[in-house]
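Here's start-v1.tsv, which has TSV, C-alpha atoms:
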```tsv
chain	number	residue	atom	x	y	z
A	772	MET	CA	111.04	94.95	127.54
A	773	THR	CA	112.66	96.15	124.33
A	774	LEU	CA	111.52	97.94	121.20
A	775	CYS	CA	112.13	96.29	117.85
A	776	ILE	CA	112.74	98.99	115.25
A	777	ASN	CA	113.92	98.18	111.72
A	778	GLY	CA	114.98	94.74	112.90
A	779	ALA	CA	117.14	95.93	115.79
A	780	ASP	CA	116.33	95.87	119.50
A	781	TYR	CA	116.36	99.11	121.46
A	782	PRO	CA	115.67	99.83	125.13
A	783	MET	CA	112.22	101.01	126.23
A	784	PRO	CA	112.09	104.47	127.82
A	785	ASN	CA	111.57	104.53	131.57
A	786	ASP	CA	109.29	107.57	131.56
A	787	PRO	CA	105.77	106.45	130.59
A	788	ARG	CA	105.07	109.85	129.03
A	789	THR	CA	107.63	109.30	126.28
A	790	THR	CA	106.04	108.85	122.90
A	791	LEU	CA	107.50	106.49	120.34
A	792	LEU	CA	108.35	109.56	118.25
A	793	ASP	CA	110.26	111.39	120.99
A	794	HIS	CA	112.04	108.24	122.05
A	795	MET	CA	113.27	107.51	118.53
A	796	ARG	CA	114.31	111.07	117.81
A	797	GLU	CA	115.80	112.06	121.16
A	798	LYS	CA	117.33	108.81	122.45
A	799	LEU	CA	117.79	106.37	119.60
A	800	ASN	CA	119.23	108.70	116.96
A	801	LEU	CA	116.44	107.74	114.57
A	802	THR	CA	115.64	111.24	113.36
A	803	GLY	CA	114.19	110.31	109.98
A	804	THR	CA	110.68	110.33	111.45
A	805	LYS	CA	109.55	113.95	111.73
A	806	LYS	CA	107.61	115.82	114.39
A	807	GLY	CA	105.10	118.09	112.70
A	808	CYS	CA	102.11	118.98	114.84
A	809	ASP	CA	102.73	116.46	117.66
A	810	HIS	CA	98.93	116.17	117.98
A	811	GLY	CA	98.02	113.51	115.43
A	812	GLN	CA	96.76	115.86	112.78
A	813	CYS	CA	99.53	116.09	110.17
A	814	GLY	CA	100.85	112.54	109.68
A	815	ALA	CA	104.53	113.57	109.48
A	816	CYS	CA	105.38	111.09	112.26
A	817	THR	CA	103.73	108.08	110.55
A	818	VAL	CA	105.56	104.79	111.08
A	819	LEU	CA	104.51	101.18	110.55
A	820	VAL	CA	103.87	98.76	113.43
A	821	ASP	CA	103.57	95.22	112.09
A	822	GLY	CA	102.95	96.81	108.69
A	823	LYS	CA	100.13	99.05	109.86
A	824	ARG	CA	100.39	102.83	109.91
A	825	VAL	CA	100.35	104.52	113.28
A	826	LEU	CA	101.04	108.04	114.45
A	827	SER	CA	104.19	107.76	116.52
A	828	CYS	CA	103.45	111.09	118.25
A	829	LEU	CA	100.25	109.63	119.75
A	830	GLN	CA	101.66	106.31	120.82
A	831	LEU	CA	103.32	106.00	124.18
A	832	ALA	CA	106.48	103.99	123.58
A	833	GLN	CA	105.66	101.59	126.42
A	834	THR	CA	102.46	100.55	124.61
A	835	VAL	CA	104.20	99.52	121.38
A	836	ARG	CA	103.72	95.85	120.61
A	837	GLY	CA	105.11	94.61	117.35
A	838	ASP	CA	107.88	95.46	114.94
A	839	VAL	CA	108.32	99.12	114.08
A	840	THR	CA	109.45	100.17	110.62
A	841	THR	CA	110.62	103.74	110.01
A	842	ILE	CA	111.92	105.55	106.97
A	843	GLU	CA	115.43	104.41	107.96
A	844	GLY	CA	114.33	100.79	107.57
A	845	LEU	CA	113.05	100.91	104.01
A	846	SER	CA	116.19	100.90	101.90
A	847	LYS	CA	118.34	97.81	101.50
A	848	ASN	CA	121.98	98.83	101.77
A	849	ASP	CA	122.37	101.45	99.05
A	850	THR	CA	119.22	100.49	97.16
A	851	LEU	CA	116.20	102.69	97.74
A	852	HIS	CA	112.80	101.17	98.45
A	853	PRO	CA	110.67	101.42	95.28
A	854	MET	CA	108.47	104.03	96.99
A	855	GLN	CA	111.48	106.18	97.84
A	856	ALA	CA	112.68	105.90	94.25
A	857	ALA	CA	109.21	106.80	92.97
A	858	PHE	CA	109.07	109.93	95.15
A	859	LEU	CA	112.38	111.01	93.60
A	860	GLU	CA	111.24	110.13	90.10
A	861	HIS	CA	107.95	112.06	90.46
A	862	ASP	CA	109.41	114.99	92.40
A	863	ALA	CA	106.82	114.25	95.09
A	864	TYR	CA	107.95	116.87	97.61
A	865	GLN	CA	109.16	120.42	97.91
A	866	CYS	CA	110.48	121.12	101.41
A	867	GLY	CA	110.57	117.41	102.26
A	868	PHE	CA	109.50	117.67	105.89
A	869	CYS	CA	106.35	115.56	105.52
A	870	THR	CA	108.06	113.15	103.12
A	871	PRO	CA	109.13	110.38	105.57
A	872	GLY	CA	105.56	110.17	106.86
A	873	GLN	CA	104.16	110.35	103.35
A	874	ILE	CA	106.42	107.51	102.20
A	875	MET	CA	105.63	105.27	105.19
A	876	SER	CA	101.92	105.87	104.67
A	877	ALA	CA	102.31	105.31	100.93
A	878	VAL	CA	104.04	101.95	101.47
A	879	ALA	CA	101.08	100.83	103.60
A	880	CYS	CA	98.57	102.30	101.15
A	881	VAL	CA	99.94	100.04	98.40
A	882	SER	CA	100.37	96.95	100.59
A	883	GLU	CA	96.79	97.32	101.87
A	884	GLY	CA	95.55	97.37	98.27
A	885	HIS	CA	94.17	100.89	98.50
A	886	ALA	CA	95.98	102.40	95.53
A	887	GLY	CA	93.55	101.39	92.79
A	888	SER	CA	92.66	104.88	91.59
A	889	ASP	CA	93.65	108.48	92.11
A	890	ALA	CA	90.58	109.08	94.28
A	891	GLU	CA	91.23	105.96	96.35
A	892	ILE	CA	94.84	107.00	96.94
A	893	ALA	CA	93.72	110.48	97.99
A	894	ASP	CA	91.23	109.01	100.46
A	895	TRP	CA	93.69	106.54	101.98
A	896	MET	CA	96.46	109.15	102.16
A	897	SER	CA	94.17	111.71	103.79
A	898	GLY	CA	96.00	111.53	107.11
A	899	ASN	CA	99.23	112.91	105.64
A	900	LEU	CA	99.26	116.63	105.06
A	901	CYS	CA	101.72	118.42	102.75
A	902	ARG	CA	101.82	122.17	103.24
A	903	CYS	CA	103.75	122.49	99.96
A	904	ALA	CA	100.77	120.77	98.31
A	905	ALA	CA	102.76	118.23	96.36
A	906	TYR	CA	99.69	116.00	96.45
A	907	PRO	CA	99.43	115.34	92.66
A	908	GLN	CA	103.05	114.21	92.52
A	909	ILE	CA	102.65	112.11	95.69
A	910	ARG	CA	99.61	110.36	94.22
A	911	ALA	CA	101.46	109.81	90.94
A	912	ALA	CA	104.41	108.25	92.76
A	913	ILE	CA	102.11	105.90	94.68
A	914	ALA	CA	100.19	104.96	91.55
A	915	SER	CA	103.42	104.14	89.72
A	916	VAL	CA	104.54	101.77	92.50
A	917	ALA	CA	101.12	100.11	92.67
A	918	GLN	CA	101.13	99.66	88.91
A	919	ALA	CA	104.65	98.24	88.89
A	920	GLU	CA	103.68	95.74	91.61
A	921	ALA	CA	100.52	94.75	89.73
A	922	GLU	CA	102.59	94.06	86.63
A	923	GLY	CA	104.97	91.97	88.73
B	522	MET	CA	102.17	116.38	129.54
B	523	HIS	CA	102.14	115.91	133.31
B	524	ASN	CA	103.57	112.71	134.66
B	525	PHE	CA	101.41	109.76	135.65
B	526	ASP	CA	101.64	106.22	136.91
B	527	PHE	CA	101.15	103.89	133.97
B	528	VAL	CA	99.29	100.62	134.49
B	529	LYS	CA	98.92	98.01	131.74
B	530	PRO	CA	96.54	95.36	133.06
B	531	GLY	CA	95.72	92.14	131.25
B	532	THR	CA	92.19	91.68	132.58
B	533	VAL	CA	89.10	93.85	133.08
B	534	ALA	CA	89.19	93.07	136.80
B	535	ASP	CA	92.75	94.33	137.14
B	536	ALA	CA	91.91	97.43	135.10
B	537	ALA	CA	88.87	98.17	137.28
B	538	ALA	CA	91.01	97.82	140.40
B	539	ALA	CA	93.62	100.20	139.00
B	540	LEU	CA	90.90	102.73	138.18
B	541	GLN	CA	89.66	102.88	141.79
B	542	GLY	CA	92.15	105.59	142.73
B	543	ASP	CA	91.57	109.32	142.49
B	544	GLU	CA	92.36	110.92	139.15
B	545	ALA	CA	92.75	107.58	137.39
B	546	GLN	CA	91.68	107.42	133.77
B	547	PRO	CA	91.40	104.62	131.20
B	548	LEU	CA	93.39	104.88	127.97
B	549	GLY	CA	92.16	103.27	124.75
B	550	GLY	CA	94.00	103.98	121.51
B	551	GLY	CA	94.97	107.43	122.74
B	552	GLN	CA	93.97	109.27	119.58
B	553	THR	CA	92.07	111.86	121.63
B	554	LEU	CA	93.35	111.48	125.18
B	555	ILE	CA	97.08	111.73	124.37
B	556	PRO	CA	96.76	115.08	122.53
B	557	THR	CA	94.45	116.28	125.30
B	558	MET	CA	97.10	115.39	127.88
B	559	LYS	CA	99.80	117.09	125.79
B	560	GLN	CA	97.72	120.26	125.95
B	561	ARG	CA	97.41	119.72	129.71
B	562	LEU	CA	93.65	119.73	129.40
B	563	ALA	CA	93.75	116.32	131.07
B	564	ALA	CA	96.26	115.31	133.72
B	565	PRO	CA	95.39	111.91	135.19
B	566	GLU	CA	97.54	110.72	138.07
B	567	THR	CA	97.14	107.13	136.92
B	568	LEU	CA	96.66	106.07	133.32
B	569	VAL	CA	95.27	102.58	132.76
B	570	SER	CA	95.89	101.16	129.29
B	571	LEU	CA	93.02	98.94	128.08
B	572	ILE	CA	94.52	97.77	124.80
B	573	GLY	CA	96.27	94.74	126.28
B	574	ILE	CA	93.04	93.22	127.64
B	575	ALA	CA	92.25	90.21	125.46
B	576	GLU	CA	88.61	89.95	126.57
B	577	MET	CA	87.97	93.47	125.22
B	578	GLN	CA	89.14	92.68	121.70
B	579	GLY	CA	87.33	91.58	118.58
B	580	VAL	CA	83.98	91.30	116.85
B	581	CYS	CA	81.53	88.38	116.88
B	582	LYS	CA	77.85	87.61	116.41
B	583	THR	CA	75.94	86.55	119.52
B	584	ASP	CA	73.26	83.86	119.71
B	585	ALA	CA	70.72	86.66	120.11
B	586	GLY	CA	71.60	88.08	116.70
B	587	GLU	CA	73.58	90.99	118.03
B	588	LEU	CA	77.01	92.14	116.96
B	589	SER	CA	79.33	92.06	119.96
B	590	ILE	CA	82.31	94.41	119.76
B	591	GLY	CA	84.98	94.45	122.43
B	592	GLY	CA	85.49	97.90	123.90
B	593	ALA	CA	89.17	98.00	122.93
B	594	THR	CA	88.55	96.96	119.32
B	595	THR	CA	90.03	99.36	116.78
B	596	HIS	CA	88.02	101.01	114.01
B	597	ALA	CA	90.11	99.15	111.40
B	598	THR	CA	89.24	95.82	113.01
B	599	VAL	CA	85.53	96.66	113.07
B	600	GLU	CA	85.73	97.70	109.42
B	601	ALA	CA	87.26	94.34	108.51
B	602	GLU	CA	85.39	91.97	110.84
B	603	ALA	CA	81.90	93.51	110.61
B	604	ALA	CA	81.94	93.79	106.81
B	605	SER	CA	79.76	90.77	106.12
B	606	LEU	CA	77.74	90.73	109.37
B	607	PHE	CA	76.81	94.41	109.56
B	608	PRO	CA	77.97	96.36	106.48
B	609	GLY	CA	76.44	99.64	107.67
B	610	LEU	CA	78.65	99.61	110.75
B	611	ALA	CA	81.74	98.50	108.81
B	612	GLY	CA	81.19	101.38	106.41
B	613	LEU	CA	81.02	103.82	109.30
B	614	ALA	CA	84.15	102.45	110.96
B	615	GLY	CA	86.09	102.57	107.69
B	616	ARG	CA	85.51	106.29	107.26
B	617	ILE	CA	86.44	107.49	110.74
B	618	GLY	CA	89.38	109.90	110.66
B	619	ASP	CA	92.25	108.55	108.59
B	620	PRO	CA	93.93	105.13	108.33
B	621	ALA	CA	96.42	105.74	111.15
B	622	VAL	CA	93.65	106.85	113.52
B	623	ARG	CA	91.59	103.79	112.57
B	624	ASN	CA	94.52	101.50	113.36
B	625	ARG	CA	94.66	102.75	116.96
B	626	GLY	CA	91.36	104.38	117.91
B	627	THR	CA	88.80	102.17	119.67
B	628	ILE	CA	85.01	101.99	119.80
B	629	GLY	CA	85.05	102.19	123.60
B	630	GLY	CA	87.21	105.28	123.51
B	631	SER	CA	84.94	106.97	121.00
B	632	LEU	CA	81.77	106.20	122.95
B	633	ALA	CA	83.32	107.18	126.29
B	634	ASN	CA	84.49	110.51	124.85
B	635	ASN	CA	81.14	111.18	123.09
B	636	ASP	CA	82.48	113.92	120.85
B	637	PRO	CA	79.42	115.69	119.39
B	638	ALA	CA	80.75	115.06	115.86
B	639	ALA	CA	82.00	111.49	116.35
B	640	CYS	CA	80.60	108.71	114.16
B	641	TYR	CA	80.16	105.76	116.55
B	642	PRO	CA	77.57	107.44	118.80
B	643	ALA	CA	75.22	107.56	115.78
B	644	ALA	CA	75.56	103.80	115.23
B	645	ALA	CA	75.13	103.00	118.91
B	646	LEU	CA	71.99	105.12	119.24
B	647	ALA	CA	70.48	104.05	115.90
B	648	THR	CA	70.85	100.37	116.76
B	649	GLY	CA	69.65	100.72	120.33
B	650	ALA	CA	72.97	99.27	121.44
B	651	THR	CA	73.75	97.96	124.89
B	652	ILE	CA	76.88	99.42	126.47
B	653	ARG	CA	78.29	96.80	128.85
B	654	THR	CA	80.73	98.16	131.40
B	655	ASP	CA	82.68	96.54	134.20
B	656	LYS	CA	79.73	97.39	136.48
B	657	ARG	CA	76.46	97.23	134.52
B	658	GLU	CA	74.66	97.37	131.20
B	659	ILE	CA	73.46	100.72	129.86
B	660	ALA	CA	70.95	101.16	127.02
B	661	ALA	CA	72.11	103.59	124.34
B	662	ASP	CA	68.95	105.68	124.87
B	663	ASP	CA	70.11	106.31	128.46
B	664	TYR	CA	73.83	106.47	127.73
B	665	PHE	CA	74.27	109.69	125.72
B	666	GLN	CA	73.65	112.70	127.93
B	667	GLY	CA	74.92	115.64	125.89
B	668	MET	CA	78.16	116.90	124.39
B	669	PHE	CA	81.12	114.95	125.86
B	670	THR	CA	78.76	113.64	128.56
B	671	THR	CA	77.68	110.06	129.14
B	672	ALA	CA	76.14	107.88	131.81
B	673	LEU	CA	79.58	106.46	132.66
B	674	ASP	CA	80.90	106.98	136.18
B	675	GLU	CA	84.49	108.02	136.80
B	676	GLY	CA	86.79	105.15	135.92
B	677	GLU	CA	84.01	102.97	134.49
B	678	ILE	CA	85.19	100.83	131.57
B	679	ILE	CA	83.27	100.04	128.39
B	680	VAL	CA	83.98	96.31	128.12
B	681	GLU	CA	81.65	95.49	125.23
B	682	VAL	CA	79.15	97.12	122.89
B	683	ARG	CA	76.30	94.95	121.63
B	684	MET	CA	74.33	96.15	118.63
B	685	PRO	CA	71.21	94.39	117.36
B	686	ILE	CA	72.03	93.72	113.70
B	687	PRO	CA	69.51	95.55	111.47
B	688	GLU	CA	67.87	94.13	108.35
B	689	LYS	CA	69.25	97.14	106.50
B	690	SER	CA	71.38	100.05	107.56
B	691	ASN	CA	73.59	102.83	106.28
B	692	TYR	CA	75.60	105.73	107.62
B	693	GLN	CA	75.93	108.92	105.63
B	694	LYS	CA	78.59	111.36	106.74
B	695	PHE	CA	79.02	114.86	105.37
B	696	LEU	CA	82.73	115.11	105.88
B	697	GLN	CA	84.42	118.13	107.42
B	698	PRO	CA	87.46	117.58	105.23
B	699	ALA	CA	90.11	118.99	107.56
B	700	SER	CA	89.14	117.16	110.75
B	701	ARG	CA	87.35	114.30	108.96
B	702	PHE	CA	84.76	114.37	111.71
B	703	ALA	CA	81.11	114.55	110.68
B	704	LEU	CA	79.89	118.04	109.83
B	705	THR	CA	76.67	116.10	110.10
B	706	GLY	CA	76.21	112.32	110.01
B	707	VAL	CA	73.07	110.17	109.96
B	708	PHE	CA	72.77	106.45	110.74
B	709	VAL	CA	69.58	104.73	109.60
B	710	ALA	CA	68.81	101.22	110.89
B	711	LYS	CA	65.77	99.22	109.71
B	712	TYR	CA	64.49	96.43	111.93
B	713	ALA	CA	61.49	94.12	111.60
B	714	ASP	CA	59.67	96.18	114.24
B	715	GLY	CA	60.66	99.66	113.19
B	716	VAL	CA	63.28	102.10	112.00
B	717	ARG	CA	65.73	104.12	114.09
B	718	VAL	CA	67.48	107.26	112.87
B	719	ALA	CA	70.36	108.83	114.81
B	720	VAL	CA	72.08	112.10	113.98
B	721	THR	CA	75.60	113.17	114.97
B	722	GLY	CA	77.61	116.32	114.32
B	723	ALA	CA	74.53	118.54	114.18
B	724	SER	CA	73.15	119.23	117.66
B	725	GLU	CA	74.73	121.15	120.50
B	726	GLU	CA	73.39	118.33	122.70
B	727	GLY	CA	75.37	115.69	120.80
B	728	VAL	CA	73.87	112.64	119.12
B	729	PHE	CA	70.05	112.50	118.96
B	730	ARG	CA	67.23	110.47	117.40
B	731	TRP	CA	65.05	112.01	114.69
B	732	THR	CA	61.82	110.42	115.80
B	733	GLU	CA	59.56	111.97	113.14
B	734	ALA	CA	61.67	110.37	110.44
B	735	GLU	CA	61.64	107.05	112.34
B	736	GLN	CA	57.83	107.04	112.29
B	737	ALA	CA	57.60	108.02	108.62
B	738	LEU	CA	60.18	105.43	107.57
B	739	GLY	CA	58.59	102.79	109.79
B	740	SER	CA	55.51	102.74	107.60
B	741	ASN	CA	57.31	103.39	104.30
B	742	PHE	CA	61.06	102.73	104.11
B	743	ALA	CA	61.71	105.02	101.15
B	744	ALA	CA	63.54	108.31	100.80
B	745	ASP	CA	60.41	110.19	99.76
B	746	ALA	CA	58.66	109.13	102.97
B	747	ILE	CA	60.46	112.00	104.73
B	748	SER	CA	59.95	114.57	101.97
B	749	GLY	CA	57.22	116.36	103.93
B	750	LEU	CA	59.23	116.56	107.15
B	751	SER	CA	61.41	119.43	108.24
B	752	VAL	CA	64.17	119.67	110.85
B	753	SER	CA	64.32	122.65	113.19
B	754	ALA	CA	67.57	124.61	113.32
B	755	ASP	CA	67.03	125.33	117.02
B	756	GLY	CA	69.92	123.95	119.07
B	757	MET	CA	72.01	123.02	116.05
B	758	ILE	CA	75.75	123.72	116.13
B	759	ASN	CA	76.88	127.04	114.69
B	760	ASP	CA	80.53	127.27	113.65
B	761	LEU	CA	82.61	128.48	110.72
B	762	HIS	CA	81.95	125.23	108.88
B	763	GLY	CA	78.16	125.48	108.88
B	764	THR	CA	75.19	127.38	110.23
B	765	PRO	CA	72.39	125.75	112.25
B	766	GLU	CA	70.12	126.01	109.21
B	767	TYR	CA	72.73	124.31	107.03
B	768	ARG	CA	73.10	121.44	109.47
B	769	ALA	CA	69.34	121.05	109.82
B	770	HIS	CA	69.12	120.82	106.03
B	771	LEU	CA	71.91	118.23	105.97
B	772	VAL	CA	70.05	116.03	108.47
B	773	LYS	CA	67.17	115.56	106.07
B	774	VAL	CA	69.32	115.19	102.96
B	775	LEU	CA	71.62	112.64	104.58
B	776	THR	CA	68.70	110.67	106.03
B	777	GLY	CA	67.27	110.31	102.53
B	778	ARG	CA	70.62	109.23	101.15
B	779	ALA	CA	71.07	106.70	103.93
B	780	VAL	CA	67.66	105.16	103.22
B	781	MET	CA	68.50	104.89	99.52
B	782	ALA	CA	71.90	103.33	100.25
B	783	ALA	CA	70.72	101.03	103.05
B	784	ALA	CA	71.89	97.42	102.67
```

Starting from the file, give its structure as structure tokens.
Amino acid sequence: MTLCINGADYPMPNDPRTTLLDHMREKLNLTGTKKGCDHGQCGACTVLVDGKRVLSCLQLAQTVRGDVTTIEGLSKNDTLHPMQAAFLEHDAYQCGFCTPGQIMSAVACVSEGHAGSDAEIADWMSGNLCRCAAYPQIRAAIASVAQAEAEG
Amino acid sequence: MHNFDFVKPGTVADAAAALQGDEAQPLGGGQTLIPTMKQRLAAPETLVSLIGIAEMQGVCKTDAGELSIGGATTHATVEAEAASLFPGLAGLAGRIGDPAVRNRGTIGGSLANNDPAACYPAAALATGATIRTDKREIAADDYFQGMFTTALDEGEIIVEVRMPIPEKSNYQKFLQPASRFALTGVFVAKYADGVRVAVTGASEEGVFRWTEAEQALGSNFAADAISGLSVSADGMINDLHGTPEYRAHLVKVLTGRAVMAAA
């Protein structure tokens, strides 16, 4: 059994207790995903599994089925993903600790089609907390990406 | 968390066999059990993952007009697959927690845990659902036995939940915005032979039926049919988010809103 993360295969942990988050951070040198609360309340550890958001702190690595995408897997060579660029453009962070989780969740929010209005974005981003309260800028960044996609 | 033997069966029979041992516990999506284990409030010796069991996945309509939901079906899947068959249930599933929780959390896990503020118990009780386990079938009216307490035996698995599909239904949740659990939630289900009203998040005994409202709505399915009723604050939850009186008030308000929104 292997784990597919950002298109590369990695070994599964032997200890069944190991969460996807701890495995990535401690063993695979994928430290972009952050550990906030470690209890599924803050969303800092959000990654995508087959395009769907999951909390990597609540998922035992041995139960992962599907391709994992983390913040390290978004950019193409030196080109930022449009959501990463939008977070820069809109200054959508202060301390930046929640940002990888916010961006992963934001990518899914747009791909799911849940970025139609400010209120809809707020509702579908509700699992990602930002103690710096950069929420207006985060929503603006997401709206700009959704609008750019809609305009093709 | 403490260590455990991890079993990932592919069938209900294999899962049931693995759960025979002492201190064995089933694992659904892990959105409650994993944090509980991290806090060492639970320390199973054997953990049996149910999410790889194909026969416990998915949503379909039975010949008897019931919605059948596999016990390991996620909230996001129920939201998507029940949307046309049972919109009241899809609406409930789509507002549980947040999107990441809905992508992993399962209906069986929610009903087995029976959190007093969880959403699914209200739907199960309001529809008079049948909880099918690996051993037997349990009627919802017998299943819920108080806060975090159910009729399930140790190691018993919720294989399927069958809900009679109502003519009209709606779930109204007064959101506790930090936890996104129900500060109070009311599910109203209208059938040809009567109305059932189930309340979550309010009582210290967990989910309950508001029978006075069921009788009033049974003869007149309109919000003003319950205008003369009142809900006692006795036994309601008292915490920093709301007093018993506040929750009792919410029960009536949300019931009226659910009747108006029922579809």

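By all atoms listed in the file, and with residues fewer than 5 positions from Gly592 (chain B) along its chain excluded, the set lying at most 7 Å from it is Met577, Gln578, Thr627, Ile628, Gly629, Ile679, Val680, Glu681 and Val682 of chain B.
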
Distance in Å - CA of Val533 (chain B) versus CA of Ile678 (chain B)
8.1 Å

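Here CA of Val709 (chain B) stands at a distance of 8.7 Å from CA of Glu735 (chain B).
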
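When only C-alpha atoms are used to measure the gap to Glu860 (chain A), the shortest distance among A:Gly803, A:Asp793, A:Val916, A:Lys798 belongs to A:Val916.
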
If you count all atoms listed in the file, which residues fall within 12 Å of Ala779 (chain A), apart from same-chain ones fewer than 5 positions away, as a ChimeraX atom specification?
/A:773-774,799,801,838-841,843-844

Could you state the separation of CA of Ala601 (chain B) and CA of Val580 (chain B) in Å, given to one decimal place?
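These atoms are spaced 9.5 Å apart.
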
Could you pull the residues within 10 Å of region 724-730 of chain B, counting all atoms listed in the file, minus those fewer than 3 positions along the same chain, as JSON, numbers by chain?
{"B": [635, 636, 637, 638, 639, 640, 641, 642, 643, 644, 645, 646, 647, 662, 665, 666, 667, 668, 669, 670, 705, 706, 707, 708, 709, 717, 718, 719, 720, 721, 733, 734, 735, 754, 755, 756, 757, 758, 759, 765, 768, 769]}

Would you give me, as JSON lines, each residue of chain A having an atom within 10 Å of an atom of chain B, along with its shortest atom pair and that distance in Å to one decimal, using all atoms listed in the file and sorting by chain and residue number?
```
{"residue": "A:Asp786", "atom": "CA", "partner": "B:Asn524", "partner_atom": "CA", "distance": 8.3}
{"residue": "A:Pro787", "atom": "CA", "partner": "B:Phe527", "partner_atom": "CA", "distance": 6.3}
{"residue": "A:Arg788", "atom": "CA", "partner": "B:Asn524", "partner_atom": "CA", "distance": 6.5}
{"residue": "A:Thr789", "atom": "CA", "partner": "B:Met522", "partner_atom": "CA", "distance": 9.5}
{"residue": "A:Thr790", "atom": "CA", "partner": "B:Ile555", "partner_atom": "CA", "distance": 9.5}
{"residue": "A:Asp809", "atom": "CA", "partner": "B:Pro556", "partner_atom": "CA", "distance": 7.8}
{"residue": "A:His810", "atom": "CA", "partner": "B:Pro556", "partner_atom": "CA", "distance": 5.2}
{"residue": "A:Gly811", "atom": "CA", "partner": "B:Gln552", "partner_atom": "CA", "distance": 7.2}
{"residue": "A:Gln812", "atom": "CA", "partner": "B:Ser700", "partner_atom": "CA", "distance": 8.0}
{"residue": "A:Gly814", "atom": "CA", "partner": "B:Ala621", "partner_atom": "CA", "distance": 8.2}
{"residue": "A:Thr817", "atom": "CA", "partner": "B:Ala621", "partner_atom": "CA", "distance": 7.7}
{"residue": "A:Val818", "atom": "CA", "partner": "B:Ala621", "partner_atom": "CA", "distance": 9.2}
{"residue": "A:Leu819", "atom": "CA", "partner": "B:Ala621", "partner_atom": "CA", "distance": 9.3}
{"residue": "A:Val820", "atom": "CA", "partner": "B:Asn624", "partner_atom": "CA", "distance": 9.7}
{"residue": "A:Lys823", "atom": "CA", "partner": "B:Asn624", "partner_atom": "CA", "distance": 7.1}
{"residue": "A:Arg824", "atom": "CA", "partner": "B:Ala621", "partner_atom": "CA", "distance": 5.1}
{"residue": "A:Val825", "atom": "CA", "partner": "B:Ala621", "partner_atom": "CA", "distance": 4.6}
{"residue": "A:Leu826", "atom": "CA", "partner": "B:Ala621", "partner_atom": "CA", "distance": 6.1}
{"residue": "A:Ser827", "atom": "CA", "partner": "B:Ala621", "partner_atom": "CA", "distance": 9.7}
{"residue": "A:Cys828", "atom": "CA", "partner": "B:Ile555", "partner_atom": "CA", "distance": 8.9}
{"residue": "A:Leu829", "atom": "CA", "partner": "B:Ile555", "partner_atom": "CA", "distance": 6.0}
{"residue": "A:Gln830", "atom": "CA", "partner": "B:Gly551", "partner_atom": "CA", "distance": 7.0}
{"residue": "A:Leu831", "atom": "CA", "partner": "B:Ile555", "partner_atom": "CA", "distance": 8.5}
{"residue": "A:Gln833", "atom": "CA", "partner": "B:Phe527", "partner_atom": "CA", "distance": 9.1}
{"residue": "A:Thr834", "atom": "CA", "partner": "B:Ser570", "partner_atom": "CA", "distance": 8.1}
{"residue": "A:Arg836", "atom": "CA", "partner": "B:Gly573", "partner_atom": "CA", "distance": 9.4}
{"residue": "A:Ser876", "atom": "CA", "partner": "B:Ala621", "partner_atom": "CA", "distance": 8.5}
{"residue": "A:Ala879", "atom": "CA", "partner": "B:Pro620", "partner_atom": "CA", "distance": 9.6}
{"residue": "A:Cys880", "atom": "CA", "partner": "B:Pro620", "partner_atom": "CA", "distance": 9.0}
{"residue": "A:Asp894", "atom": "CA", "partner": "B:Asp619", "partner_atom": "CA", "distance": 8.2}
{"residue": "A:Trp895", "atom": "CA", "partner": "B:Pro620", "partner_atom": "CA", "distance": 6.5}
{"residue": "A:Met896", "atom": "CA", "partner": "B:Asp619", "partner_atom": "CA", "distance": 7.7}
{"residue": "A:Ser897", "atom": "CA", "partner": "B:Asp619", "partner_atom": "CA", "distance": 6.1}
{"residue": "A:Gly898", "atom": "CA", "partner": "B:Asp619", "partner_atom": "CA", "distance": 5.0}
{"residue": "A:Asn899", "atom": "CA", "partner": "B:Asp619", "partner_atom": "CA", "distance": 8.7}
{"residue": "A:Leu900", "atom": "CA", "partner": "B:Ala699", "partner_atom": "CA", "distance": 9.8}
```

Might you pull out every residue within 9 Å of Asn691 (chain B), with only C-alpha atoms counted and same-chain residues fewer than 5 positions away left off, and present them as a PDB file with C-alpha atoms, in the coordinates of the input?
```pdb
ATOM      1  CA  PRO B 608      77.970  96.360 106.480  1.00  0.00           C
ATOM      2  CA  GLY B 609      76.440  99.640 107.670  1.00  0.00           C
ATOM      3  CA  LEU B 610      78.650  99.610 110.750  1.00  0.00           C
ATOM      4  CA  GLY B 612      81.190 101.380 106.410  1.00  0.00           C
ATOM      5  CA  LEU B 613      81.020 103.820 109.300  1.00  0.00           C
ATOM      6  CA  VAL B 707      73.070 110.170 109.960  1.00  0.00           C
ATOM      7  CA  PHE B 708      72.770 106.450 110.740  1.00  0.00           C
ATOM      8  CA  VAL B 709      69.580 104.730 109.600  1.00  0.00           C
ATOM      9  CA  ALA B 710      68.810 101.220 110.890  1.00  0.00           C
ATOM     10  CA  ARG B 778      70.620 109.230 101.150  1.00  0.00           C
ATOM     11  CA  ALA B 779      71.070 106.700 103.930  1.00  0.00           C
ATOM     12  CA  VAL B 780      67.660 105.160 103.220  1.00  0.00           C
ATOM     13  CA  MET B 781      68.500 104.890  99.520  1.00  0.00           C
ATOM     14  CA  ALA B 782      71.900 103.330 100.250  1.00  0.00           C
ATOM     15  CA  ALA B 783      70.720 101.030 103.050  1.00  0.00           C
ATOM     16  CA  ALA B 784      71.890  97.420 102.670  1.00  0.00           C
TER      17      ALA B 784
END
```
